[in-house]
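See structure below.
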Amino acid sequence: MKIVLYGGAFDPFHNGHYLLAKEALKELEADKLLFLVGKNPPWKKPLASYEERIALIEAAIRGETKMAVSRAEDTDETNYTYLTVRKLKKEYQDEHPRFFFLIGTDQLEKLSLWKNIEELAQNVTFVSYKRETGNPGALAQENAEKYGVVELKDCPLIATSSTLIREGKSLDVPKEEFRKIALDGLYFASKVKSFYKEKRYMHALRVAELAYDIALSNRANTSKALLAGFYHDITKKGEKEEYRKRAYSEYGDVFFGNMPEWAYHQFTAVYLLEDEFGFDDREVLEAIRVHTTGNKEMSELGRILYAADKIEPGRGWASSSYIEAMKKDDLEGFKKVLRANRTFLKEQNKEGLKEDKWTSACYEYYLGKEI
């Protein structure tokens, strides 16, 4: 049995890890890949607990029959890789395993310093994958030859950053993992949750998940879709007075100088995200800025967020046909949602639902002669 071993803190696991694991299984024609989660890695102090990190990986790889999480490093004592491999050899002895151990090219120069490296090299085949740290030097090449290191040929560079995910500036993770992060309040999600009322928080979670599905179907950026959906209503609970004044000053003319209460949050959310989270992704921020009114020439992300907010299943109306339309073609689906929303607002005819400049521009740009 060919078994790939992939170790790390995974704080948290992300799509870079996931894609690398899939590529390793494919290139090595392996039967199984085990994620070796470091309980107390000496090089860093994980923000999430050991059990939380394991649960996130399990959520992310659910349905992957060749991937699993190993608890071989579940120890509070100093753990060395050669000891982990000894445990795994015993655990899988009936399968007569051949182990492949994944390491980044940045580790090649340090390989000769690993504890009991000679024993380890006899029990595993080291497999290197590219990291964004430049080309390996002479010592790395020497170690690669000395210890018979194999290189993954088609391995994607892992550009995703666990740090950015912990800070809430990226959500380049599988949807199932995002849901667990959100529900358990892990990393940045605990702070996000403090800005929402519970019912609104669950709405934001559903909008994020639907935006993810629509983005995935249209080959758009799923990380940005999750971020936009999760953050879009973050000031619905209430805004700082300074944010409201700023919103009125900068965007009051959109509403002919009479900005209704419901409109503030699409502007103040942007200010809060910039100030409280240091968030600076302009595409995500602009999508949030127009998610209730719409506008002409909206980005793909803007259209996805606008629609997902209106048609997420928790709204309590039959929206399945609109969801399918958005998944099939987000532009044509958006027009369908826009028509339905325009009809709804006309029928409601409530105070505060007057057609503002951006809404009018949106209808004219996307619906044209239908107006």
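Identifiers in the structure tokens: chain A, B, ... in order shown; residue index from 1 per chain; ligand index from 1 in order shown.
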Exercise for review: From a DSSP calculation on the backbone, collect every residue of range 40-158 of chain A in strand (DSSP E) and output the set as a ChimeraX atom specification.
Suggested key: /A:67-70,98-104,124-129,150-151
Go through range 224-343 of chain A and flag each residue having an atom no more than 9 Å from range 170-189 of chain A; for those, report the closest pair of atoms plus their distance in Å to one decimal, using only C-alpha atoms, ordered by chain and rising number, as a Markdown table.
| residue | atom | partner | partner_atom | distance |
| --- | --- | --- | --- | --- |
| A:Lys224 | CA | A:Leu171 | CA | 7.1 |
| A:Ala225 | CA | A:Leu171 | CA | 8.8 |
| A:Leu226 | CA | A:Leu171 | CA | 6.5 |
| A:Leu227 | CA | A:Leu171 | CA | 6.5 |
| A:Phe230 | CA | A:Ala182 | CA | 8.9 |
| A:Phe277 | CA | A:Phe188 | CA | 8.9 |
Could you write out that same residue set with C-alpha atoms as a PDB file, in the first residue's frame?
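In the end it all went to part.pdb:
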ATOM      1  CA  LYS A 224     -14.203  36.371  -2.295  1.00  0.00           C
ATOM      2  CA  ALA A 225     -17.764  35.084  -2.555  1.00  0.00           C
ATOM      3  CA  LEU A 226     -17.572  33.716   0.999  1.00  0.00           C
ATOM      4  CA  LEU A 227     -16.042  36.927   2.316  1.00  0.00           C
ATOM      5  CA  PHE A 230     -20.233  36.691   5.412  1.00  0.00           C
ATOM      6  CA  PHE A 277     -10.400  44.208  10.300  1.00  0.00           C
TER       7      PHE A 277
END
Can you pull out the residues contacting Lys310 in chain A? Cut-off 10 Å, using only C-alpha atoms, and skip same-chain residues under 4 positions away; I want them as number ranges by chain. A: 207, 291-292, 305-306, 314-315, 319, 322, 337-338, 340-341
Closest of A:Pro313, A:Gly148, A:Pro12, A:Gly38 to Ala59 in chain A - atom-to-atom distances counting only C-alpha atoms
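Among the listed residues, the smallest separation from Ala59 in chain A belongs to A:Pro12.
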